[in-house]
$ cat protein.cif   # mmCIF, C-alpha atoms and all ligand atoms
data_data
loop_
_atom_site.label_atom_id
_atom_site.label_comp_id
_atom_site.auth_asym_id
_atom_site.auth_seq_id
_atom_site.Cartn_x
_atom_site.Cartn_y
_atom_site.Cartn_z
CA MET A 14 0.00 0.00 0.00
CA SER A 15 1.40 3.42 -0.94
CA THR A 16 2.06 5.75 1.96
CA LEU A 17 2.27 9.49 2.33
CA TYR A 18 5.02 10.37 4.81
CA LEU A 19 5.07 13.79 6.44
CA VAL A 20 8.69 14.23 7.41
CA ALA A 21 9.82 16.93 9.83
CA THR A 22 13.08 18.63 8.85
CA PRO A 23 15.49 20.76 10.94
CA ILE A 24 14.52 24.34 11.84
CA GLY A 25 18.13 25.46 11.54
CA ASN A 26 20.54 22.84 12.80
CA LEU A 27 21.06 20.04 10.28
CA SER A 28 22.08 17.66 13.07
CA ASP A 29 18.49 17.69 14.32
CA PHE A 30 17.43 15.51 11.40
CA SER A 31 16.47 12.10 12.76
CA PRO A 32 17.94 8.81 11.49
CA ARG A 33 14.39 7.61 10.85
CA ALA A 34 13.64 10.68 8.74
CA VAL A 35 16.73 9.90 6.63
CA GLU A 36 15.68 6.24 6.27
CA VAL A 37 12.20 7.22 5.15
CA LEU A 38 13.45 9.74 2.59
CA GLN A 39 15.83 7.10 1.26
CA SER A 40 12.98 4.59 0.95
CA VAL A 41 10.30 6.61 -0.86
CA ASP A 42 9.84 6.93 -4.62
CA GLN A 43 9.64 10.73 -4.69
CA ILE A 44 9.90 13.70 -2.35
CA ALA A 45 7.47 16.62 -2.53
CA CYS A 46 9.37 19.74 -1.38
CA GLU A 47 8.12 23.20 -0.48
CA ASP A 48 11.24 24.47 -2.25
CA THR A 49 13.35 21.93 -4.10
CA ARG A 50 16.48 24.14 -3.91
CA THR A 51 16.19 24.71 -0.14
CA SER A 52 15.59 21.02 0.51
CA GLY A 53 18.41 20.18 -1.91
CA VAL A 54 20.92 21.32 0.72
CA LEU A 55 19.50 18.93 3.31
CA LEU A 56 19.15 16.05 0.85
CA LYS A 57 22.71 16.52 -0.37
CA HIS A 58 24.04 16.65 3.19
CA TYR A 59 22.40 13.31 3.95
CA GLU A 60 23.23 11.83 0.52
CA ILE A 61 19.57 11.27 -0.29
CA LYS A 62 19.21 10.87 -4.04
CA LYS A 63 15.54 10.76 -4.89
CA PRO A 64 13.43 12.58 -7.47
CA THR A 65 11.84 15.73 -6.05
CA PHE A 66 8.98 17.94 -7.16
CA SER A 67 7.75 21.26 -5.84
CA PHE A 68 4.76 21.43 -3.56
CA HIS A 69 4.24 24.92 -2.12
CA GLN A 70 1.38 27.18 -1.10
CA HIS A 71 1.01 28.61 -4.62
CA ASN A 72 0.68 25.26 -6.43
CA GLU A 73 -0.60 23.10 -3.56
CA HIS A 74 -4.19 22.97 -4.86
CA HIS A 75 -3.37 21.42 -8.23
CA LYS A 76 -0.30 19.53 -7.02
CA VAL A 77 -2.51 17.59 -4.57
CA ASP A 78 -4.10 15.80 -7.54
CA TYR A 79 -0.65 14.98 -8.90
CA LEU A 80 0.52 13.70 -5.52
CA ILE A 81 -2.60 11.53 -5.17
CA SER A 82 -2.07 10.16 -8.71
CA LEU A 83 1.43 9.04 -7.67
CA LEU A 84 0.01 7.27 -4.61
CA GLU A 85 -2.63 5.66 -6.85
CA ALA A 86 0.16 4.46 -9.14
CA GLY A 87 1.65 2.61 -6.16
CA GLN A 88 4.38 5.09 -5.24
CA SER A 89 5.26 6.16 -1.71
CA ILE A 90 5.75 9.88 -1.32
CA ALA A 91 7.43 11.97 1.38
CA LEU A 92 6.34 15.56 1.89
CA ILE A 93 8.82 18.00 3.41
CA SER A 94 8.72 21.76 3.97
CA ASP A 95 11.63 24.20 4.15
CA ALA A 96 11.85 23.72 7.91
CA GLY A 97 10.01 21.95 10.68
CA MET A 98 6.82 19.96 10.51
CA PRO A 99 4.91 19.99 7.22
CA GLY A 100 1.39 21.34 7.70
CA ILE A 101 2.37 23.53 10.65
CA SER A 102 2.19 27.01 9.09
CA ASP A 103 3.47 25.27 5.97
CA PRO A 104 2.01 23.28 3.06
CA GLY A 105 0.79 19.82 3.99
CA PHE A 106 -2.79 19.96 5.22
CA LEU A 107 -4.47 19.63 1.78
CA ALA A 108 -2.32 16.67 0.73
CA THR A 109 -2.77 14.94 4.07
CA ARG A 110 -6.54 15.36 4.00
CA ALA A 111 -6.75 14.14 0.41
CA ALA A 112 -4.57 11.08 1.15
CA HIS A 113 -6.80 10.16 4.10
CA GLN A 114 -9.95 10.69 2.04
CA LYS A 115 -8.61 8.33 -0.65
CA GLY A 116 -7.79 5.67 1.95
CA PHE A 117 -3.98 5.89 1.77
CA THR A 118 -1.82 5.41 4.83
CA VAL A 119 -0.46 8.66 6.25
CA THR A 120 2.55 8.52 8.56
CA ALA A 121 4.12 11.53 10.25
CA ILE A 122 7.82 11.27 11.05
CA PRO A 123 8.13 13.63 14.01
CA GLY A 124 10.96 16.07 14.51
CA PRO A 125 11.67 19.73 15.17
CA ASP A 126 9.02 22.40 15.06
CA ALA A 127 9.58 25.98 16.12
CA ALA A 128 6.44 26.31 18.28
CA THR A 129 7.09 23.31 20.51
CA THR A 130 10.79 24.13 20.77
CA ALA A 131 10.01 27.73 21.80
CA VAL A 132 7.31 26.86 24.31
CA ALA A 133 9.51 24.21 25.91
CA ALA A 134 12.47 26.64 26.14
CA SER A 135 10.35 29.54 27.41
CA GLY A 136 9.96 28.42 30.99
CA LEU A 137 6.35 29.58 30.71
CA PRO A 138 3.49 27.20 31.48
CA CYS A 139 3.38 24.50 28.80
CA ASP A 140 0.81 22.12 30.27
CA ARG A 141 -1.71 23.75 27.90
CA TYR A 142 -0.96 26.15 25.07
CA LEU A 143 -2.65 27.64 22.05
CA TYR A 144 -0.83 27.57 18.73
CA GLU A 145 -1.65 30.87 17.01
CA GLY A 146 0.80 30.49 14.10
CA PHE A 147 1.08 33.66 12.00
CA LEU A 148 -1.41 36.45 12.66
CA PRO A 149 -3.23 38.01 9.70
CA PRO A 150 -1.19 40.94 8.31
CA LYS A 151 -3.96 43.56 8.52
CA LYS A 152 -7.66 42.76 8.91
CA GLY A 153 -8.32 40.89 12.13
CA ARG A 154 -4.75 41.30 13.45
CA GLN A 155 -5.66 43.56 16.35
CA THR A 156 -8.58 41.31 17.37
CA ARG A 157 -6.25 38.31 17.47
CA ILE A 158 -3.69 40.19 19.57
CA GLN A 159 -6.46 41.20 21.97
CA ALA A 160 -7.57 37.54 22.16
CA ILE A 161 -3.97 36.51 22.93
CA SER A 162 -3.91 39.13 25.68
CA ASP A 163 -7.22 37.82 27.07
CA SER A 164 -6.17 34.16 26.91
CA ASP A 165 -5.82 32.34 30.21
CA ILE A 166 -3.40 29.84 28.68
CA THR A 167 -0.02 30.29 27.00
CA CYS A 168 -0.15 31.36 23.33
CA VAL A 169 2.53 30.71 20.72
CA VAL A 170 2.84 33.14 17.81
CA TYR A 171 5.06 33.11 14.70
CA VAL A 172 6.17 36.70 14.10
CA SER A 173 8.31 38.00 11.26
CA PRO A 174 11.35 39.83 12.66
CA HIS A 175 10.47 43.23 11.18
CA LYS A 176 7.03 43.08 12.84
CA LEU A 177 8.31 41.94 16.24
CA VAL A 178 8.46 45.33 17.96
CA ARG A 179 5.07 46.41 16.59
CA PHE A 180 3.58 43.12 17.77
CA LEU A 181 5.05 43.50 21.26
CA GLU A 182 3.89 47.14 21.43
CA LYS A 183 0.32 46.21 20.54
CA LEU A 184 0.38 43.31 22.99
CA HIS A 185 1.70 45.69 25.64
CA GLU A 186 -1.23 48.05 24.99
CA PHE A 187 -3.65 45.23 25.82
CA ALA A 188 -1.73 43.16 28.34
CA GLY A 189 0.33 45.77 30.20
CA ASP A 190 3.74 45.76 31.87
CA ASP A 191 3.35 42.62 33.95
CA ARG A 192 2.63 40.01 31.27
CA TRP A 193 5.28 37.31 30.95
CA VAL A 194 6.57 36.80 27.43
CA CYS A 195 9.42 34.92 25.78
CA VAL A 196 10.99 35.88 22.46
CA ALA A 197 12.74 32.85 20.93
CA ARG A 198 14.92 33.82 17.99
CA GLU A 199 17.05 31.67 15.68
CA LEU A 200 16.32 28.49 17.62
CA THR A 201 18.89 25.71 17.15
CA LYS A 202 21.16 28.11 15.21
CA LYS A 203 24.45 29.84 16.03
CA PHE A 204 22.85 33.06 17.27
CA GLU A 205 19.99 31.45 19.19
CA GLU A 206 18.37 33.70 21.81
CA VAL A 207 15.69 32.91 24.36
CA ASP A 208 14.75 36.23 25.95
CA ARG A 209 12.22 35.90 28.73
CA GLY A 210 10.70 38.60 30.89
CA GLN A 211 7.74 40.80 31.69
CA LEU A 212 6.63 43.07 28.86
CA GLY A 213 7.51 46.25 30.78
CA ASN A 214 11.17 45.14 30.79
CA LEU A 215 11.35 43.04 27.66
CA LEU A 216 9.77 45.47 25.19
CA PRO A 217 12.36 48.27 25.72
CA ARG A 218 15.17 45.72 25.16
CA TRP A 219 13.80 44.87 21.70
CA LYS A 220 12.95 48.49 20.86
CA GLU A 221 16.59 49.44 21.45
CA ARG A 222 17.86 47.08 18.78
CA LYS A 223 18.82 48.59 15.44
CA ALA A 224 17.81 45.62 13.30
CA ILE A 225 16.12 42.38 14.19
CA LYS A 226 16.91 39.53 11.88
CA GLY A 227 16.27 35.83 11.65
CA GLU A 228 13.26 33.80 12.66
CA VAL A 229 11.17 34.52 15.71
CA VAL A 230 8.57 32.82 17.88
CA VAL A 231 6.84 34.72 20.68
CA VAL A 232 5.42 32.80 23.63
CA VAL A 233 2.90 34.76 25.68
CA ALA A 234 1.91 33.51 29.13
CA GLY A 235 -1.75 33.34 30.11
CA ASN A 236 -3.33 36.43 31.68
CA SER A 237 -3.32 35.11 35.25
CA TYR A 238 0.26 33.82 35.26
CA SER A 239 2.69 35.35 37.75
CA GLU A 240 5.93 34.28 39.42
N1 LIG B 1 6.76 24.29 9.74
C1 LIG B 1 7.51 25.13 10.63
C2 LIG B 1 7.42 24.55 12.05
O1 LIG B 1 7.16 23.36 12.17
O2 LIG B 1 7.67 25.25 13.00
C3 LIG B 1 7.05 26.56 10.58
C4 LIG B 1 7.26 27.20 9.25
S1 LIG B 1 6.77 28.87 9.19
C5 LIG B 1 6.71 29.13 7.45
C6 LIG B 1 8.23 29.75 9.59
C7 LIG B 1 8.14 30.42 10.96
O3 LIG B 1 8.46 29.48 11.97
C8 LIG B 1 9.15 31.54 11.13
O4 LIG B 1 8.67 32.78 10.63
C9 LIG B 1 9.30 31.59 12.65
O5 LIG B 1 8.22 32.25 13.25
C10 LIG B 1 9.21 30.09 12.98
N2 LIG B 1 10.56 29.50 12.96
C11 LIG B 1 11.05 28.61 12.09
N3 LIG B 1 12.33 28.28 12.40
C12 LIG B 1 12.65 29.00 13.50
C13 LIG B 1 13.81 29.10 14.30
N4 LIG B 1 14.91 28.41 14.02
N5 LIG B 1 13.78 29.93 15.37
C14 LIG B 1 12.68 30.65 15.66
N6 LIG B 1 11.55 30.58 14.93
C15 LIG B 1 11.53 29.77 13.87
#

$ encode --input "protein.cif" --output "structure tokens"
Amino acid sequence: MSTLYLVATPIGNLSDFSPRAVEVLQSVDQIACEDTRTSGVLLKHYEIKKPTFSFHQHNEHHKVDYLISLLEAGQSIALISDAGMPGISDPGFLATRAAHQKGFTVTAIPGPDAATTAVAASGLPCDRYLYEGFLPPKKGRQTRIQAISDSDITCVVYVSPHKLVRFLEKLHEFAGDDRWVCVARELTKKFEEVDRGQLGNLLPRWKERKAIKGEVVVVVAGNSYSE
């Protein structure tokens, strides 16, 4: 029976790729990549020589039919994104749903994802948390930030670096000085930072910076959390 494998890939540090992930990529017929050039670096590093095809948010809708046709032809396919878990703020959901609907086996090969890594490193309550992913760029953004402020459980938000200060400022407007927050930047990479504090202290630190680069996750503690 053909299988669709969802294979998590490193979020920065190539050594985080699991031996099982390598085995699976070496065993499949083809690999669907969010970006074949980006994934090419990883595949080359692990000497994985398999045909690849592109599967990204702009062609996902019609590429799902192609991917299903390969499964129907008896092939096993792995789906990988540029970094982390496919489907988590990345392409993957449509293919996974379609594979299930057609009765194919779907297997996720777990590995790094930025949200879980950040929430675990944050030292903020992680018994329950809400994955917010990316917020909408304009319409509805403020409402979502207000909802994060009102949440009584930890929220995890993917924020682009050039919007980080504006996001923290808006959150500060709603949540005030005392809210506990953690900014996790460049996780697993050379310049990794896990900056944790109350907004009244943490926001000025980030406002002082000339340029904020890299990839960022913000973990926001629930509204009743204190320490
Ligand atoms: N599929 C990925 C996952 O499993 O986490 C998420 C992909 S999403 C397109 C990219 C966002 O994830 C970045 O903008 C950032 O918010 C977060 N991210 C990815 N890698 C990261 C890293 N090394 N450090 C901090 N955040 C990261």

$ closest_atom_pairs --input "protein.cif" --of "chain A" --to "ligand LIG 1 (chain B)" --cutoff "6 Å" --atoms "only C-alpha atoms and all ligand atoms" --output "JSON lines"
{"residue": "A:Ile24", "atom": "CA", "partner": "B:LIG1", "partner_atom": "N3", "distance": 4.5}
{"residue": "A:Gly25", "atom": "CA", "partner": "B:LIG1", "partner_atom": "N4", "distance": 5.0}
{"residue": "A:Ala96", "atom": "CA", "partner": "B:LIG1", "partner_atom": "C1", "distance": 5.3}
{"residue": "A:Gly97", "atom": "CA", "partner": "B:LIG1", "partner_atom": "O1", "distance": 3.5}
{"residue": "A:Met98", "atom": "CA", "partner": "B:LIG1", "partner_atom": "O1", "distance": 3.8}
{"residue": "A:Pro99", "atom": "CA", "partner": "B:LIG1", "partner_atom": "N1", "distance": 5.3}
{"residue": "A:Ile101", "atom": "CA", "partner": "B:LIG1", "partner_atom": "N1", "distance": 4.5}
{"residue": "A:Ser102", "atom": "CA", "partner": "B:LIG1", "partner_atom": "S1", "distance": 4.9}
{"residue": "A:Asp103", "atom": "CA", "partner": "B:LIG1", "partner_atom": "N1", "distance": 5.1}
{"residue": "A:Asp126", "atom": "CA", "partner": "B:LIG1", "partner_atom": "O1", "distance": 3.6}
{"residue": "A:Ala127", "atom": "CA", "partner": "B:LIG1", "partner_atom": "O2", "distance": 3.7}
{"residue": "A:Ala128", "atom": "CA", "partner": "B:LIG1", "partner_atom": "O2", "distance": 5.5}
{"residue": "A:Tyr171", "atom": "CA", "partner": "B:LIG1", "partner_atom": "O5", "distance": 3.6}
{"residue": "A:Val172", "atom": "CA", "partner": "B:LIG1", "partner_atom": "O5", "distance": 5.0}
{"residue": "A:Ser173", "atom": "CA", "partner": "B:LIG1", "partner_atom": "O4", "distance": 5.3}
{"residue": "A:Ala197", "atom": "CA", "partner": "B:LIG1", "partner_atom": "C14", "distance": 5.7}
{"residue": "A:Arg198", "atom": "CA", "partner": "B:LIG1", "partner_atom": "C14", "distance": 4.5}
{"residue": "A:Glu199", "atom": "CA", "partner": "B:LIG1", "partner_atom": "N5", "distance": 3.7}
{"residue": "A:Leu200", "atom": "CA", "partner": "B:LIG1", "partner_atom": "N5", "distance": 3.7}
{"residue": "A:Thr201", "atom": "CA", "partner": "B:LIG1", "partner_atom": "N4", "distance": 5.7}
{"residue": "A:Glu228", "atom": "CA", "partner": "B:LIG1", "partner_atom": "N6", "distance": 4.3}
{"residue": "A:Val229", "atom": "CA", "partner": "B:LIG1", "partner_atom": "N6", "distance": 4.0}
{"residue": "A:Val230", "atom": "CA", "partner": "B:LIG1", "partner_atom": "O5", "distance": 4.7}

$ residues_near_point --input "protein.cif" --point "(-8.9, 10.9, -3.1)" --cutoff "12 Å" --atoms "all atoms listed in the file" --output "PyMOL selection string"
chain A and resi 77-85+107-118

$ atom_distance --input "protein.cif" --atom1 "CA of Pro23 (chain A)" --atom2 "CA of Gly124 (chain A)"
7.4 Å

$ residues_near_point --input "protein.cif" --point "(4.8, 19.6, -11.3)" --cutoff "7 Å" --atoms "all atoms listed in the file" --output "list in words"
Phe66, Ser67 and Lys76 of chain A

$ residues_around --input "protein.cif" --residues "Thr49 (chain A)" --least-positions-apart "5" --cutoff "12 Å" --atoms "all atoms listed in the file" --output "PyMOL selection string"
chain A and resi 43-44+54-57+63-69+92-95

$ closest_atom_pairs --input "protein.cif" --of "region 106-158 of chain A" --to "region 231-238 of chain A" --cutoff "10 Å" --atoms "all atoms listed in the file" --output "JSON lines"
{"residue": "A:Ala128", "atom": "CA", "partner": "A:Val232", "partner_atom": "CA", "distance": 8.5}
{"residue": "A:Ala131", "atom": "CA", "partner": "A:Val232", "partner_atom": "CA", "distance": 7.1}
{"residue": "A:Val132", "atom": "CA", "partner": "A:Val232", "partner_atom": "CA", "distance": 6.3}
{"residue": "A:Ala133", "atom": "CA", "partner": "A:Val232", "partner_atom": "CA", "distance": 9.8}
{"residue": "A:Ala134", "atom": "CA", "partner": "A:Val232", "partner_atom": "CA", "distance": 9.7}
{"residue": "A:Ser135", "atom": "CA", "partner": "A:Val232", "partner_atom": "CA", "distance": 7.0}
{"residue": "A:Gly136", "atom": "CA", "partner": "A:Val232", "partner_atom": "CA", "distance": 9.7}
{"residue": "A:Leu137", "atom": "CA", "partner": "A:Ala234", "partner_atom": "CA", "distance": 6.1}
{"residue": "A:Pro138", "atom": "CA", "partner": "A:Ala234", "partner_atom": "CA", "distance": 6.9}
{"residue": "A:Cys139", "atom": "CA", "partner": "A:Ala234", "partner_atom": "CA", "distance": 9.1}
{"residue": "A:Arg141", "atom": "CA", "partner": "A:Gly235", "partner_atom": "CA", "distance": 9.8}
{"residue": "A:Tyr142", "atom": "CA", "partner": "A:Gly235", "partner_atom": "CA", "distance": 8.8}
{"residue": "A:Leu143", "atom": "CA", "partner": "A:Val232", "partner_atom": "CA", "distance": 9.7}
{"residue": "A:Tyr144", "atom": "CA", "partner": "A:Val232", "partner_atom": "CA", "distance": 9.5}
{"residue": "A:Glu145", "atom": "CA", "partner": "A:Val232", "partner_atom": "CA", "distance": 9.9}
{"residue": "A:Gly146", "atom": "CA", "partner": "A:Val231", "partner_atom": "CA", "distance": 9.9}

$ residues_around --input "protein.cif" --residues "Leu148 (chain A)" --least-positions-apart "5" --cutoff "12 Å" --atoms "only C-alpha atoms" --output "number ranges by chain"
A: 102, 153-161, 168-173, 176-177, 180, 230-231

$ atom_distance --input "protein.cif" --atom1 "CA of Asn72 (chain A)" --atom2 "CA of Pro104 (chain A)"
9.8 Å

$ decode --input "protein.cif" --residues "region 152-164 of chain A" --atoms "all heavy atoms" --output "short mmCIF file (atom, residue, chain, number, x, y, z; two decimals), in the first residue's frame"
data_model
loop_
_atom_site.label_atom_id
_atom_site.label_comp_id
_atom_site.auth_asym_id
_atom_site.auth_seq_id
_atom_site.Cartn_x
_atom_site.Cartn_y
_atom_site.Cartn_z
N LYS A 152 -6.31 42.93 8.38
CA LYS A 152 -7.66 42.76 8.91
C LYS A 152 -7.69 41.62 9.93
O LYS A 152 -7.25 40.52 9.65
CB LYS A 152 -8.62 42.43 7.75
CG LYS A 152 -10.07 42.59 8.06
CD LYS A 152 -10.92 42.56 6.79
CE LYS A 152 -12.38 42.73 7.10
NZ LYS A 152 -13.01 41.55 7.68
N GLY A 153 -8.19 41.91 11.10
CA GLY A 153 -8.32 40.89 12.13
C GLY A 153 -7.09 40.75 13.01
O GLY A 153 -7.11 40.02 14.01
N ARG A 154 -6.00 41.45 12.68
CA ARG A 154 -4.75 41.30 13.45
C ARG A 154 -4.93 41.78 14.89
O ARG A 154 -4.60 41.07 15.85
CB ARG A 154 -3.63 42.08 12.75
CG ARG A 154 -2.28 41.86 13.38
CD ARG A 154 -1.19 42.56 12.59
NE ARG A 154 0.10 42.38 13.23
CZ ARG A 154 0.90 41.34 13.05
NH1 ARG A 154 0.55 40.37 12.23
NH2 ARG A 154 2.05 41.24 13.69
N GLN A 155 -5.51 42.98 15.01
CA GLN A 155 -5.66 43.56 16.35
C GLN A 155 -6.58 42.69 17.23
O GLN A 155 -6.31 42.48 18.41
CB GLN A 155 -6.23 44.97 16.20
CG GLN A 155 -6.44 45.65 17.52
CD GLN A 155 -6.32 47.16 17.40
OE1 GLN A 155 -5.50 47.66 16.64
NE2 GLN A 155 -7.15 47.87 18.13
N THR A 156 -7.65 42.16 16.61
CA THR A 156 -8.58 41.31 17.37
C THR A 156 -7.86 40.07 17.89
O THR A 156 -8.09 39.63 19.03
CB THR A 156 -9.75 40.87 16.44
OG1 THR A 156 -10.21 42.02 15.76
CG2 THR A 156 -10.87 40.21 17.19
N ARG A 157 -6.97 39.52 17.05
CA ARG A 157 -6.25 38.31 17.47
C ARG A 157 -5.27 38.66 18.59
O ARG A 157 -5.09 37.87 19.53
CB ARG A 157 -5.50 37.69 16.29
CG ARG A 157 -6.40 36.99 15.27
CD ARG A 157 -6.64 35.52 15.58
NE ARG A 157 -5.47 34.69 15.36
CZ ARG A 157 -5.11 34.18 14.20
NH1 ARG A 157 -5.83 34.40 13.12
NH2 ARG A 157 -4.05 33.41 14.10
N ILE A 158 -4.65 39.83 18.51
CA ILE A 158 -3.69 40.19 19.57
C ILE A 158 -4.46 40.41 20.88
O ILE A 158 -4.02 40.00 21.96
CB ILE A 158 -2.85 41.43 19.17
CG1 ILE A 158 -2.01 41.10 17.93
CG2 ILE A 158 -1.93 41.86 20.33
CD1 ILE A 158 -1.19 42.26 17.37
N GLN A 159 -5.64 41.01 20.77
CA GLN A 159 -6.46 41.20 21.97
C GLN A 159 -6.85 39.83 22.57
O GLN A 159 -6.82 39.64 23.79
CB GLN A 159 -7.73 41.99 21.62
CG GLN A 159 -8.73 42.05 22.77
CD GLN A 159 -9.22 43.44 23.05
OE1 GLN A 159 -9.48 44.21 22.14
NE2 GLN A 159 -9.39 43.76 24.32
N ALA A 160 -7.19 38.88 21.68
CA ALA A 160 -7.57 37.54 22.16
C ALA A 160 -6.37 36.86 22.85
O ALA A 160 -6.54 36.17 23.86
CB ALA A 160 -8.08 36.69 21.01
N ILE A 161 -5.18 37.07 22.31
CA ILE A 161 -3.97 36.51 22.93
C ILE A 161 -3.80 37.13 24.33
O ILE A 161 -3.52 36.43 25.30
CB ILE A 161 -2.73 36.76 22.04
CG1 ILE A 161 -2.83 35.92 20.77
CG2 ILE A 161 -1.43 36.48 22.79
CD1 ILE A 161 -1.86 36.32 19.67
N SER A 162 -4.02 38.44 24.39
CA SER A 162 -3.91 39.13 25.68
C SER A 162 -4.94 38.59 26.68
O SER A 162 -4.65 38.46 27.87
CB SER A 162 -4.10 40.63 25.46
OG SER A 162 -4.27 41.27 26.69
N ASP A 163 -6.14 38.29 26.19
CA ASP A 163 -7.22 37.82 27.07
C ASP A 163 -7.10 36.34 27.43
O ASP A 163 -7.82 35.85 28.30
CB ASP A 163 -8.59 38.03 26.39
CG ASP A 163 -8.93 39.51 26.26
OD1 ASP A 163 -8.28 40.34 26.94
OD2 ASP A 163 -9.84 39.84 25.46
N SER A 164 -6.23 35.61 26.72
CA SER A 164 -6.17 34.16 26.91
C SER A 164 -5.68 33.80 28.32
O SER A 164 -4.77 34.43 28.85
CB SER A 164 -5.21 33.56 25.88
OG SER A 164 -5.00 32.19 26.18
#
